[in-house]
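Here is the file work-v4.txt (compact mmCIF, C-alpha atoms).
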```txt
# COMPACT_ATOMS: atom_id res chain seq x y z
CA MET A 15 -145.63 32.24 45.10
CA SER A 16 -146.93 34.52 47.78
CA LYS A 17 -150.61 34.25 48.61
CA VAL A 18 -153.33 36.79 49.27
CA ILE A 19 -154.94 35.84 52.55
CA ALA A 20 -157.68 37.28 54.70
CA ASP A 21 -157.96 36.53 58.37
CA ILE A 22 -160.98 37.75 60.28
CA SER A 23 -163.16 37.07 63.32
CA VAL A 24 -166.83 36.52 62.54
CA SER A 25 -169.89 36.09 64.73
CA LEU A 26 -172.27 33.15 64.36
CA ASP A 27 -174.68 35.53 62.63
CA GLY A 28 -172.00 36.62 60.17
CA PHE A 29 -170.87 40.00 61.48
CA VAL A 30 -167.28 41.27 61.57
CA ALA A 31 -168.19 44.46 63.46
CA GLY A 32 -171.15 45.49 65.58
CA PRO A 33 -173.65 48.23 64.74
CA HIS A 34 -172.67 51.92 64.59
CA ASP A 35 -168.98 51.43 63.83
CA GLY A 36 -166.96 54.52 63.06
CA PRO A 37 -164.05 56.56 64.38
CA GLY A 38 -164.43 56.44 68.17
CA ASN A 39 -166.24 53.08 67.94
CA PRO A 40 -163.93 51.12 65.65
CA LEU A 41 -165.42 47.67 66.25
CA GLY A 42 -169.03 48.85 66.50
CA ASP A 43 -171.29 48.23 69.49
CA ARG A 44 -170.45 44.88 71.10
CA GLY A 45 -167.88 44.23 68.35
CA ASP A 46 -165.01 43.76 70.80
CA ARG A 47 -166.71 40.50 71.78
CA LEU A 48 -165.43 39.04 68.49
CA HIS A 49 -161.84 39.61 69.49
CA GLN A 50 -161.90 38.45 73.11
CA TRP A 51 -160.30 35.14 72.14
CA VAL A 52 -157.24 37.02 70.96
CA TYR A 53 -156.47 39.58 73.65
CA GLY A 54 -154.78 37.20 76.07
CA LEU A 55 -152.58 35.42 73.55
CA ALA A 56 -148.80 35.69 73.62
CA SER A 57 -148.59 36.29 69.85
CA TRP A 58 -151.16 39.08 69.99
CA ARG A 59 -149.37 40.67 72.92
CA GLU A 60 -146.07 40.46 71.04
CA MET A 61 -147.59 42.27 68.03
CA HIS A 62 -148.70 45.00 70.41
CA GLY A 63 -145.32 45.29 72.13
CA LEU A 64 -146.44 43.51 75.29
CA GLU A 65 -144.88 40.58 77.09
CA GLY A 66 -146.44 37.42 78.49
CA GLY A 67 -149.74 35.91 77.51
CA GLU A 68 -151.02 32.46 76.75
CA ARG A 69 -149.19 30.06 74.46
CA ASN A 70 -151.75 27.69 73.04
CA GLN A 71 -153.21 26.52 69.72
CA ASP A 72 -154.84 29.92 69.12
CA ALA A 73 -151.60 31.77 69.78
CA ASP A 74 -149.70 29.44 67.44
CA LEU A 75 -152.24 29.97 64.68
CA MET A 76 -152.12 33.71 65.06
CA GLY A 77 -148.34 33.76 65.19
CA GLU A 78 -148.21 31.58 62.08
CA THR A 79 -150.39 33.99 60.09
CA TRP A 80 -148.45 36.97 61.32
CA SER A 81 -145.05 35.49 60.51
CA ARG A 82 -145.98 34.61 56.93
CA THR A 83 -147.37 38.09 56.23
CA GLY A 84 -145.07 40.56 54.48
CA ALA A 85 -147.56 43.34 53.75
CA TYR A 86 -151.17 44.32 54.37
CA VAL A 87 -154.05 45.68 52.32
CA MET A 88 -156.83 47.51 54.14
CA GLY A 89 -160.09 49.28 53.32
CA LYS A 90 -160.53 52.99 53.99
CA ARG A 91 -163.23 52.37 56.57
CA MET A 92 -160.99 50.12 58.63
CA PHE A 93 -158.19 52.66 58.43
CA ALA A 94 -160.49 55.54 59.39
CA ASN A 95 -161.80 53.58 62.36
CA GLY A 96 -158.42 52.25 63.44
CA GLU A 97 -156.05 55.17 62.95
CA GLU A 98 -156.65 56.70 66.36
CA PRO A 99 -156.82 53.58 68.56
CA TRP A 100 -153.73 52.05 66.93
CA GLY A 101 -151.77 55.10 68.10
CA GLU A 102 -148.15 55.84 67.33
CA GLU A 103 -147.08 52.19 67.09
CA PRO A 104 -149.73 50.25 65.17
CA PRO A 105 -149.68 46.45 65.41
CA PHE A 106 -148.76 45.76 61.76
CA HIS A 107 -144.99 46.31 61.88
CA GLY A 108 -144.79 46.35 58.10
CA PRO A 109 -146.13 48.03 54.97
CA VAL A 110 -149.89 48.62 54.84
CA PHE A 111 -151.65 49.70 51.64
CA VAL A 112 -154.91 51.53 52.28
CA LEU A 113 -157.57 51.63 49.57
CA THR A 114 -159.02 55.11 49.33
CA HIS A 115 -160.38 57.71 46.93
CA THR A 116 -158.49 60.55 48.58
CA PRO A 117 -154.77 60.92 47.78
CA ARG A 118 -152.64 61.34 50.87
CA GLU A 119 -148.92 61.25 51.66
CA PRO A 120 -147.61 58.00 53.17
CA LEU A 121 -147.75 57.86 56.94
CA VAL A 122 -144.71 56.44 58.70
CA LYS A 123 -145.32 55.11 62.20
CA LYS A 124 -143.10 53.63 64.88
CA GLY A 125 -142.29 49.93 64.88
CA GLY A 126 -142.07 49.52 61.11
CA THR A 127 -145.66 50.27 60.12
CA THR A 128 -146.11 52.51 57.07
CA PHE A 129 -149.51 53.37 55.63
CA THR A 130 -149.47 54.01 51.87
CA PHE A 131 -152.69 55.32 50.32
CA VAL A 132 -153.67 53.77 47.01
CA THR A 133 -156.28 55.49 44.85
CA ASP A 134 -156.14 53.33 41.73
CA GLY A 135 -158.05 50.27 42.89
CA VAL A 136 -157.71 47.00 44.73
CA GLU A 137 -155.71 45.18 42.06
CA ARG A 138 -153.08 47.90 42.08
CA ALA A 139 -153.02 47.86 45.89
CA LEU A 140 -152.49 44.10 45.84
CA ALA A 141 -149.70 44.41 43.29
CA ARG A 142 -147.92 47.01 45.39
CA ALA A 143 -148.39 44.96 48.56
CA ARG A 144 -147.08 41.85 46.82
CA GLU A 145 -143.99 43.74 45.74
CA ALA A 146 -143.45 45.11 49.23
CA ALA A 147 -144.00 41.68 50.81
CA GLY A 148 -140.79 40.34 49.24
CA GLY A 149 -142.08 36.82 48.65
CA GLN A 150 -144.14 36.64 51.82
CA ASP A 151 -147.95 36.63 51.85
CA VAL A 152 -150.21 39.64 51.54
CA SER A 153 -152.78 39.81 54.29
CA VAL A 154 -156.08 41.59 53.81
CA ALA A 155 -156.64 43.16 57.19
CA GLY A 156 -160.29 44.01 56.42
CA GLY A 157 -162.88 45.18 56.48
CA GLY A 158 -165.66 43.05 55.14
CA GLN A 159 -166.16 45.05 51.97
CA VAL A 160 -162.59 44.60 50.76
CA ILE A 161 -162.76 40.87 51.40
CA GLN A 162 -166.07 40.69 49.48
CA GLN A 163 -164.54 42.58 46.58
CA LEU A 164 -161.54 40.23 46.45
CA VAL A 165 -163.65 37.08 46.67
CA LYS A 166 -165.91 38.29 43.86
CA ALA A 167 -162.89 39.13 41.71
CA GLY A 168 -161.28 35.75 42.41
CA LEU A 169 -158.24 37.47 43.91
CA LEU A 170 -158.25 35.84 47.35
CA ASP A 171 -156.19 32.67 47.79
CA GLU A 172 -157.10 31.87 51.37
CA LEU A 173 -159.73 32.91 53.88
CA GLN A 174 -159.21 32.25 57.55
CA ILE A 175 -162.35 32.67 59.60
CA HIS A 176 -162.34 32.73 63.38
CA LEU A 177 -165.93 31.79 64.14
CA VAL A 178 -167.02 33.12 67.51
CA PRO A 179 -170.16 31.46 68.92
CA VAL A 180 -172.10 34.61 69.64
CA LEU A 181 -174.97 36.43 67.93
CA LEU A 182 -174.21 40.16 67.60
CA GLY A 183 -177.65 40.93 66.18
CA GLY A 184 -176.44 43.60 63.75
CA GLY A 185 -173.45 45.38 62.29
CA VAL A 186 -171.18 44.85 59.31
CA ARG A 187 -171.54 41.49 57.61
CA LEU A 188 -168.56 39.62 56.21
CA PHE A 189 -170.67 38.48 53.26
CA GLU A 190 -173.52 40.62 51.96
CA ASP A 191 -175.07 40.42 48.50
CA MET A 192 -172.38 38.27 46.97
CA GLY A 193 -174.28 38.02 43.71
CA PRO A 194 -176.44 35.49 41.90
CA GLU A 195 -173.85 32.74 41.43
CA THR A 196 -172.69 30.29 44.05
CA ILE A 197 -169.04 30.71 45.02
CA GLU A 198 -167.47 27.49 46.21
CA PHE A 199 -164.72 27.02 48.77
CA GLU A 200 -162.80 24.04 50.08
CA THR A 201 -162.26 23.80 53.81
CA THR A 202 -158.60 22.95 54.21
CA ARG A 203 -158.32 23.07 58.00
CA VAL A 204 -160.60 23.19 61.01
CA LEU A 205 -159.23 23.88 64.48
CA ALA A 206 -161.59 23.83 67.43
CA SER A 207 -160.60 25.80 70.50
CA THR A 208 -162.50 26.88 73.55
CA GLY A 209 -164.52 29.90 72.53
CA VAL A 210 -163.56 29.99 68.85
CA THR A 211 -163.43 27.68 65.83
CA HIS A 212 -160.80 28.43 63.18
CA LEU A 213 -161.72 27.54 59.60
CA THR A 214 -159.26 27.84 56.74
CA LEU A 215 -160.90 27.98 53.33
CA ARG A 216 -159.64 28.38 49.83
CA PRO A 217 -161.70 29.12 46.73
CA ALA A 218 -162.44 25.94 44.80
CA LYS A 219 -160.71 25.88 41.43
CA MET B 24 -185.06 15.40 80.28
CA SER B 25 -185.73 15.64 76.57
CA LYS B 26 -184.06 18.49 74.70
CA VAL B 27 -185.23 20.90 72.04
CA ILE B 28 -182.73 20.71 69.23
CA ALA B 29 -182.39 22.33 65.83
CA ASP B 30 -180.33 20.81 63.08
CA ILE B 31 -179.80 22.77 59.89
CA SER B 32 -177.45 23.22 56.93
CA VAL B 33 -176.12 26.76 56.50
CA SER B 34 -174.03 28.41 53.82
CA LEU B 35 -170.85 30.33 54.59
CA ASP B 36 -172.82 33.53 54.06
CA GLY B 37 -175.49 32.42 56.54
CA PHE B 38 -178.35 31.23 54.35
CA VAL B 39 -180.52 28.16 54.99
CA ALA B 40 -182.38 28.49 51.67
CA GLY B 41 -181.63 30.27 48.42
CA PRO B 42 -183.61 33.19 46.97
CA HIS B 43 -187.23 32.82 45.76
CA ASP B 44 -188.17 29.86 47.93
CA GLY B 45 -191.81 28.80 47.87
CA PRO B 46 -194.02 25.87 46.90
CA GLY B 47 -192.42 24.47 43.74
CA ASN B 48 -189.00 25.77 44.79
CA PRO B 49 -188.78 24.53 48.39
CA LEU B 50 -185.06 25.17 48.94
CA GLY B 51 -184.92 28.38 46.89
CA ASP B 52 -182.62 28.93 43.93
CA ARG B 53 -179.33 27.08 44.43
CA GLY B 54 -180.52 25.97 47.90
CA ASP B 55 -180.11 22.27 47.13
CA ARG B 56 -176.36 22.95 47.19
CA LEU B 57 -176.64 23.12 51.00
CA HIS B 58 -177.88 19.55 51.20
CA GLN B 59 -175.55 17.84 48.75
CA TRP B 60 -173.46 16.47 51.62
CA VAL B 61 -176.46 14.52 52.84
CA TYR B 62 -178.00 12.93 49.76
CA GLY B 63 -175.55 10.06 49.45
CA LEU B 64 -175.55 9.06 53.12
CA ALA B 65 -176.90 5.71 54.30
CA SER B 66 -178.85 7.32 57.17
CA TRP B 67 -180.49 9.86 54.87
CA ARG B 68 -181.40 7.12 52.39
CA GLU B 69 -182.89 5.05 55.21
CA MET B 70 -185.11 7.99 56.30
CA HIS B 71 -186.31 8.20 52.72
CA GLY B 72 -186.97 4.47 52.41
CA LEU B 73 -183.94 3.80 50.23
CA GLU B 74 -181.17 1.26 50.66
CA GLY B 75 -177.41 1.62 50.39
CA GLY B 76 -175.42 4.83 50.68
CA GLU B 77 -172.26 5.87 52.42
CA ARG B 78 -171.53 4.99 56.04
CA ASN B 79 -169.17 7.63 57.35
CA GLN B 80 -168.88 10.29 60.06
CA ASP B 81 -171.59 12.41 58.42
CA ALA B 82 -173.97 9.46 58.20
CA ASP B 83 -173.35 8.56 61.85
CA LEU B 84 -174.03 12.12 62.94
CA MET B 85 -177.24 12.31 60.97
CA GLY B 86 -178.39 8.91 62.20
CA GLU B 87 -177.60 9.94 65.78
CA THR B 88 -179.77 13.06 65.52
CA TRP B 89 -182.56 11.14 63.84
CA SER B 90 -182.58 8.32 66.39
CA ARG B 91 -182.81 10.67 69.39
CA THR B 92 -185.70 12.64 67.88
CA GLY B 93 -189.21 11.69 69.03
CA ALA B 94 -191.17 14.56 67.46
CA TYR B 95 -190.70 17.58 65.23
CA VAL B 96 -191.76 21.23 65.26
CA MET B 97 -191.88 23.08 61.94
CA GLY B 98 -192.75 26.54 60.64
CA LYS B 99 -195.64 27.07 58.26
CA ARG B 100 -193.35 28.21 55.46
CA MET B 101 -191.32 25.03 55.61
CA PHE B 102 -194.48 22.95 55.62
CA ALA B 103 -195.99 24.88 52.70
CA ASN B 104 -192.78 24.46 50.70
CA GLY B 105 -192.26 20.83 51.61
CA GLU B 106 -195.74 19.30 51.55
CA GLU B 107 -195.70 18.45 47.86
CA PRO B 108 -192.11 17.24 47.42
CA TRP B 109 -192.28 15.09 50.57
CA GLY B 110 -195.15 13.17 48.92
CA GLU B 111 -197.17 10.41 50.52
CA GLU B 112 -194.38 9.14 52.76
CA PRO B 113 -192.53 12.12 54.25
CA PRO B 114 -189.10 11.52 55.79
CA PHE B 115 -190.08 12.27 59.39
CA HIS B 116 -191.66 8.96 60.41
CA GLY B 117 -193.10 10.51 63.55
CA PRO B 118 -195.30 13.32 64.86
CA VAL B 119 -194.71 16.77 63.35
CA PHE B 120 -196.27 19.91 64.86
CA VAL B 121 -196.67 22.71 62.32
CA LEU B 122 -196.93 26.31 63.55
CA THR B 123 -199.65 28.12 61.66
CA HIS B 124 -202.39 30.70 61.95
CA THR B 125 -204.90 28.64 59.97
CA PRO B 126 -206.63 25.76 61.80
CA ARG B 127 -206.54 22.51 59.85
CA GLU B 128 -207.32 18.86 60.58
CA PRO B 129 -204.30 16.63 61.29
CA LEU B 130 -202.79 15.03 58.22
CA VAL B 131 -201.84 11.37 58.53
CA LYS B 132 -199.24 10.16 56.02
CA LYS B 133 -197.64 6.80 55.33
CA GLY B 134 -194.62 5.65 57.28
CA GLY B 135 -195.67 7.11 60.62
CA THR B 136 -195.59 10.83 59.81
CA THR B 137 -198.51 12.88 61.12
CA PHE B 138 -198.75 16.65 60.71
CA THR B 139 -200.66 18.39 63.49
CA PHE B 140 -201.40 22.09 63.01
CA VAL B 141 -200.90 24.27 66.05
CA THR B 142 -202.41 27.75 66.10
CA ASP B 143 -201.66 28.78 69.69
CA GLY B 144 -197.98 29.61 69.42
CA VAL B 145 -194.54 28.07 69.55
CA GLU B 146 -194.49 27.29 73.27
CA ARG B 147 -197.67 25.27 72.97
CA ALA B 148 -196.30 23.49 69.88
CA LEU B 149 -193.16 22.60 71.82
CA ALA B 150 -195.19 21.32 74.76
CA ARG B 151 -197.29 19.10 72.50
CA ALA B 152 -194.20 17.84 70.68
CA ARG B 153 -192.48 17.10 73.96
CA GLU B 154 -195.47 15.09 75.12
CA ALA B 155 -195.60 13.20 71.82
CA ALA B 156 -191.84 12.56 71.89
CA GLY B 157 -192.19 10.26 74.91
CA GLY B 158 -188.90 11.23 76.54
CA GLN B 159 -186.97 11.60 73.31
CA ASP B 160 -185.80 14.95 71.92
CA VAL B 161 -187.90 17.44 70.01
CA SER B 162 -186.26 18.50 66.76
CA VAL B 163 -187.00 21.84 65.18
CA ALA B 164 -187.02 21.00 61.50
CA GLY B 165 -186.90 24.68 60.49
CA GLY B 166 -187.11 27.04 58.93
CA GLY B 167 -184.89 29.85 59.99
CA GLN B 168 -187.63 32.00 61.49
CA VAL B 169 -188.75 29.33 63.96
CA ILE B 170 -185.17 28.75 65.07
CA GLN B 171 -184.70 32.51 65.53
CA GLN B 172 -187.86 32.70 67.59
CA LEU B 173 -186.76 29.83 69.84
CA VAL B 174 -183.26 31.22 70.33
CA LYS B 175 -184.64 34.64 71.26
CA ALA B 176 -187.08 33.05 73.72
CA GLY B 177 -184.33 30.90 75.26
CA LEU B 178 -186.24 27.73 74.35
CA LEU B 179 -183.58 25.99 72.27
CA ASP B 180 -181.24 23.58 74.09
CA GLU B 181 -178.97 22.67 71.22
CA LEU B 182 -178.20 23.99 67.76
CA GLN B 183 -176.46 21.78 65.26
CA ILE B 184 -175.14 23.67 62.25
CA HIS B 185 -173.84 21.95 59.16
CA LEU B 186 -171.65 24.65 57.68
CA VAL B 187 -171.28 24.25 53.93
CA PRO B 188 -168.36 26.19 52.41
CA VAL B 189 -170.29 27.94 49.70
CA LEU B 190 -171.64 31.47 49.23
CA LEU B 191 -175.27 31.42 48.08
CA GLY B 192 -175.42 35.19 47.66
CA GLY B 193 -179.00 35.54 48.87
CA GLY B 194 -182.03 33.77 50.31
CA VAL B 195 -183.30 33.08 53.81
CA ARG B 196 -180.83 33.75 56.59
CA LEU B 197 -180.58 31.54 59.65
CA PHE B 198 -180.00 34.60 61.82
CA GLU B 199 -181.48 37.96 60.88
CA ASP B 200 -182.08 40.87 63.23
CA MET B 201 -181.52 38.94 66.43
CA GLY B 202 -181.90 42.07 68.52
CA PRO B 203 -179.67 44.49 70.38
CA GLU B 204 -178.21 42.07 72.95
CA THR B 205 -175.45 39.56 72.31
CA ILE B 206 -176.60 35.96 72.66
CA GLU B 207 -173.79 33.64 73.71
CA PHE B 208 -173.31 29.99 72.81
CA GLU B 209 -170.80 27.34 73.77
CA THR B 210 -169.41 25.14 71.04
CA THR B 211 -169.63 21.62 72.41
CA ARG B 212 -168.46 19.66 69.37
CA VAL B 213 -166.79 20.35 66.04
CA LEU B 214 -166.58 17.64 63.39
CA ALA B 215 -164.76 18.39 60.16
CA SER B 216 -165.70 16.35 57.12
CA THR B 217 -164.99 16.77 53.45
CA GLY B 218 -167.41 19.39 52.20
CA VAL B 219 -169.09 20.21 55.50
CA THR B 220 -168.18 21.20 59.05
CA HIS B 221 -170.58 20.17 61.81
CA LEU B 222 -170.81 22.50 64.81
CA THR B 223 -172.84 21.65 67.87
CA LEU B 224 -173.69 24.67 70.01
CA ARG B 225 -175.67 25.22 73.15
CA PRO B 226 -176.83 28.51 74.59
CA ALA B 227 -174.48 29.65 77.35
CA LYS B 228 -176.15 29.66 80.74
```
Please go through the file and, once you have read it, give me the structure as structure tokens.
Amino acid sequence: MSKVIADISVSLDGFVAGPHDGPGNPLGDRGDRLHQWVYGLASWREMHGLEGGERNQDADLMGETWSRTGAYVMGKRMFANGEEPWGEEPPFHGPVFVLTHTPREPLVKKGGTTFTFVTDGVERALARAREAAGGQDVSVAGGGQVIQQLVKAGLLDELQIHLVPVLLGGGVRLFEDMGPETIEFETTRVLASTGVTHLTLRPAK
Amino acid sequence: MSKVIADISVSLDGFVAGPHDGPGNPLGDRGDRLHQWVYGLASWREMHGLEGGERNQDADLMGETWSRTGAYVMGKRMFANGEEPWGEEPPFHGPVFVLTHTPREPLVKKGGTTFTFVTDGVERALARAREAAGGQDVSVAGGGQVIQQLVKAGLLDELQIHLVPVLLGGGVRLFEDMGPETIEFETTRVLASTGVTHLTLRPAK
């Protein structure tokens, strides 16, 4: 059974983007700091059509997540922020379902990425992504709000956090106002690297 | 040279206490969930004058921190919340310097704990704790606001976070509004246990 996974870099103070994010500033002020661990990796470079790069534990982990992903779900804010910088060949190389309130024709990009706009809610977007994934996992690309929504609804099977030891001081939190009940996870894997700690969590049954 | 260390349990959404903390509800609603990993440990039981308990990696870590600590610094909110539940023999067994605005005579408790109230700021409290620690480390018992203040002022040498994989949904954050500059740490140790991940961090120089 394919899983719904989310995979995201988070600061020590809980932010997934810096302040003032928007088109033209997709990661927010200082938000690129969260992704520094990834830019030099061979698997990241491969996703972006580049050669070379480091082959280490971080690259393996990233490659592993990428290779098990058959489709993506994404929030409208992430799409709005990312559309321009991703350019003509976005790094997804597969079907991406964008949650939105505004109907729009599918957008076909080079390298296998298609953006399909879904206006009838996150469950429907997940169902369509699952179908498109052909037995592989569905990866929630972000942002924080979509992940929050899925966790609250019990629809996320796995959360992979890349904890970066920096305080951003502001921005978009991964978890904000998650409601008056505790939500329990089990930590199924911890990988410590230089400059980032990878935690794999799954909701406790 | 003795270090200034902080050692604190934090939820996955960044809280060190649940909502509505105060005297009578010292950890806030649901906040005791953050400390469940510690209650059964031999080293915790020893601090509280109890016998038995588990001897494992978590207990060793806690005992290690306890044995290197010569004095404590604490915020007024933590003291106000804790004074009653700690009772006549608080678990510190050493000198504790409480930051406050209200002068008060020192409070001598059983088992070696003394609370000294410091009204002239955190640097002075640290200096007095350092003197009292006799070459051992000074441990910042909490709460979150004191730790924030020390991190901002560059006065913390080591931060030990016990990351508990639960969302509390509200309460007192460890890091809130840390300001418009990134603050970098190095992760010097990661220990994964069942139910808690221990991260040791030090401010990057």
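The two atoms in question, CA of Gly98 in chain B and CA of Pro226 in chain B, are spaced 21.3 Å apart.
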List as a compact mmCIF listing (two decimals) with C-alpha atoms, in the frame of the given file the protein and nucleic acid residues near Gly202 in chain B, meaning an atom at most 8 Å away when all atoms listed in the file are counted, but skip any in the same chain fewer than 4 places from it.
```txt
# COMPACT_ATOMS: atom_id res chain seq x y z
CA LEU A 182 -174.21 40.16 67.60
CA GLY A 183 -177.65 40.93 66.18
CA GLY A 184 -176.44 43.60 63.75
```
Chain B residues near chain A (9 Å cut-off, only C-alpha atoms) as a PyMOL selection string: chain B and resi 35-37+53+56+187-193+196-220+224
For Gly156 in chain A, the nearest of the candidates A:Lys123, A:Asn95, A:Gly67, A:Met76, counting all atoms listed in the file: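 Of the candidates, the smallest distance to Gly156 in chain A is held by A:Asn95.
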CA of His62 in chain A to CA of Gln150 in chain A, straight-line distance in Å: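 Computing it gives 20.9 Å between the two atoms.
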Length of the CA of Val112 in chain A to CA of Lys166 in chain A vector [Å]: 19.2 Å
Pick from B:Leu178, B:Val119, B:Ile28, B:Leu173, whichever lies nearest to Phe102 in chain B using only C-alpha atoms: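 Counting only C-alpha atoms, the residue closest to Phe102 in chain B is B:Val119.
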Point (-155.8, 32.5, 57.4), cut-off 6 Å, counting all atoms listed in the file, residues as a ChimeraX atom specification: /A:19-21,173-174,214
Output range 85-104 of chain B with N, CA and C atoms present, as an mmCIF file, keeping the file's coordinate frame.
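Below is the file part_24.cif, written as the result:
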```cif
data_model
loop_
_atom_site.group_PDB
_atom_site.id
_atom_site.type_symbol
_atom_site.label_atom_id
_atom_site.label_comp_id
_atom_site.auth_asym_id
_atom_site.auth_seq_id
_atom_site.Cartn_x
_atom_site.Cartn_y
_atom_site.Cartn_z
ATOM 1 N N MET B 85 -175.851 12.133 61.375
ATOM 2 C CA MET B 85 -177.240 12.310 60.970
ATOM 3 C C MET B 85 -178.130 11.235 61.589
ATOM 4 N N GLY B 86 -177.622 10.003 61.605
ATOM 5 C CA GLY B 86 -178.390 8.910 62.200
ATOM 6 C C GLY B 86 -178.589 9.118 63.690
ATOM 7 N N GLU B 87 -177.550 9.654 64.340
ATOM 8 C CA GLU B 87 -177.600 9.940 65.780
ATOM 9 C C GLU B 87 -178.711 10.960 66.095
ATOM 10 N N THR B 88 -178.751 12.028 65.305
ATOM 11 C CA THR B 88 -179.770 13.060 65.520
ATOM 12 C C THR B 88 -181.168 12.484 65.269
ATOM 13 N N TRP B 89 -181.275 11.706 64.203
ATOM 14 C CA TRP B 89 -182.560 11.140 63.840
ATOM 15 C C TRP B 89 -183.069 10.185 64.930
ATOM 16 N N SER B 90 -182.143 9.360 65.455
ATOM 17 C CA SER B 90 -182.580 8.320 66.390
ATOM 18 C C SER B 90 -182.938 8.898 67.758
ATOM 19 N N ARG B 91 -182.443 10.088 68.091
ATOM 20 C CA ARG B 91 -182.810 10.670 69.390
ATOM 21 C C ARG B 91 -184.043 11.561 69.290
ATOM 22 N N THR B 92 -184.555 11.754 68.077
ATOM 23 C CA THR B 92 -185.700 12.640 67.880
ATOM 24 C C THR B 92 -187.014 11.864 67.990
ATOM 25 N N GLY B 93 -187.905 12.346 68.873
ATOM 26 C CA GLY B 93 -189.210 11.690 69.030
ATOM 27 C C GLY B 93 -190.341 12.452 68.373
ATOM 28 N N ALA B 94 -190.126 13.740 68.102
ATOM 29 C CA ALA B 94 -191.170 14.560 67.460
ATOM 30 C C ALA B 94 -190.512 15.796 66.872
ATOM 31 N N TYR B 95 -191.210 16.413 65.930
ATOM 32 C CA TYR B 95 -190.700 17.580 65.230
ATOM 33 C C TYR B 95 -191.617 18.794 65.404
ATOM 34 N N VAL B 96 -191.005 19.971 65.361
ATOM 35 C CA VAL B 96 -191.760 21.230 65.260
ATOM 36 C C VAL B 96 -191.277 21.910 63.977
ATOM 37 N N MET B 97 -192.202 22.529 63.258
ATOM 38 C CA MET B 97 -191.880 23.080 61.940
ATOM 39 C C MET B 97 -192.660 24.373 61.702
ATOM 40 N N GLY B 98 -192.050 25.318 61.010
ATOM 41 C CA GLY B 98 -192.750 26.540 60.640
ATOM 42 C C GLY B 98 -193.705 26.312 59.475
ATOM 43 N N LYS B 99 -194.635 27.252 59.320
ATOM 44 C CA LYS B 99 -195.640 27.070 58.260
ATOM 45 C C LYS B 99 -195.028 27.188 56.873
ATOM 46 N N ARG B 100 -193.996 28.034 56.757
ATOM 47 C CA ARG B 100 -193.350 28.210 55.460
ATOM 48 C C ARG B 100 -192.653 26.924 55.015
ATOM 49 N N MET B 101 -191.980 26.285 55.942
ATOM 50 C CA MET B 101 -191.320 25.030 55.610
ATOM 51 C C MET B 101 -192.351 23.974 55.219
ATOM 52 N N PHE B 102 -193.438 23.929 55.972
ATOM 53 C CA PHE B 102 -194.480 22.950 55.620
ATOM 54 C C PHE B 102 -195.064 23.247 54.240
ATOM 55 N N ALA B 103 -195.389 24.511 53.994
ATOM 56 C CA ALA B 103 -195.990 24.880 52.700
ATOM 57 C C ALA B 103 -195.052 24.523 51.539
ATOM 58 N N ASN B 104 -193.755 24.765 51.755
ATOM 59 C CA ASN B 104 -192.780 24.460 50.700
ATOM 60 C C ASN B 104 -192.577 22.957 50.535
#
```
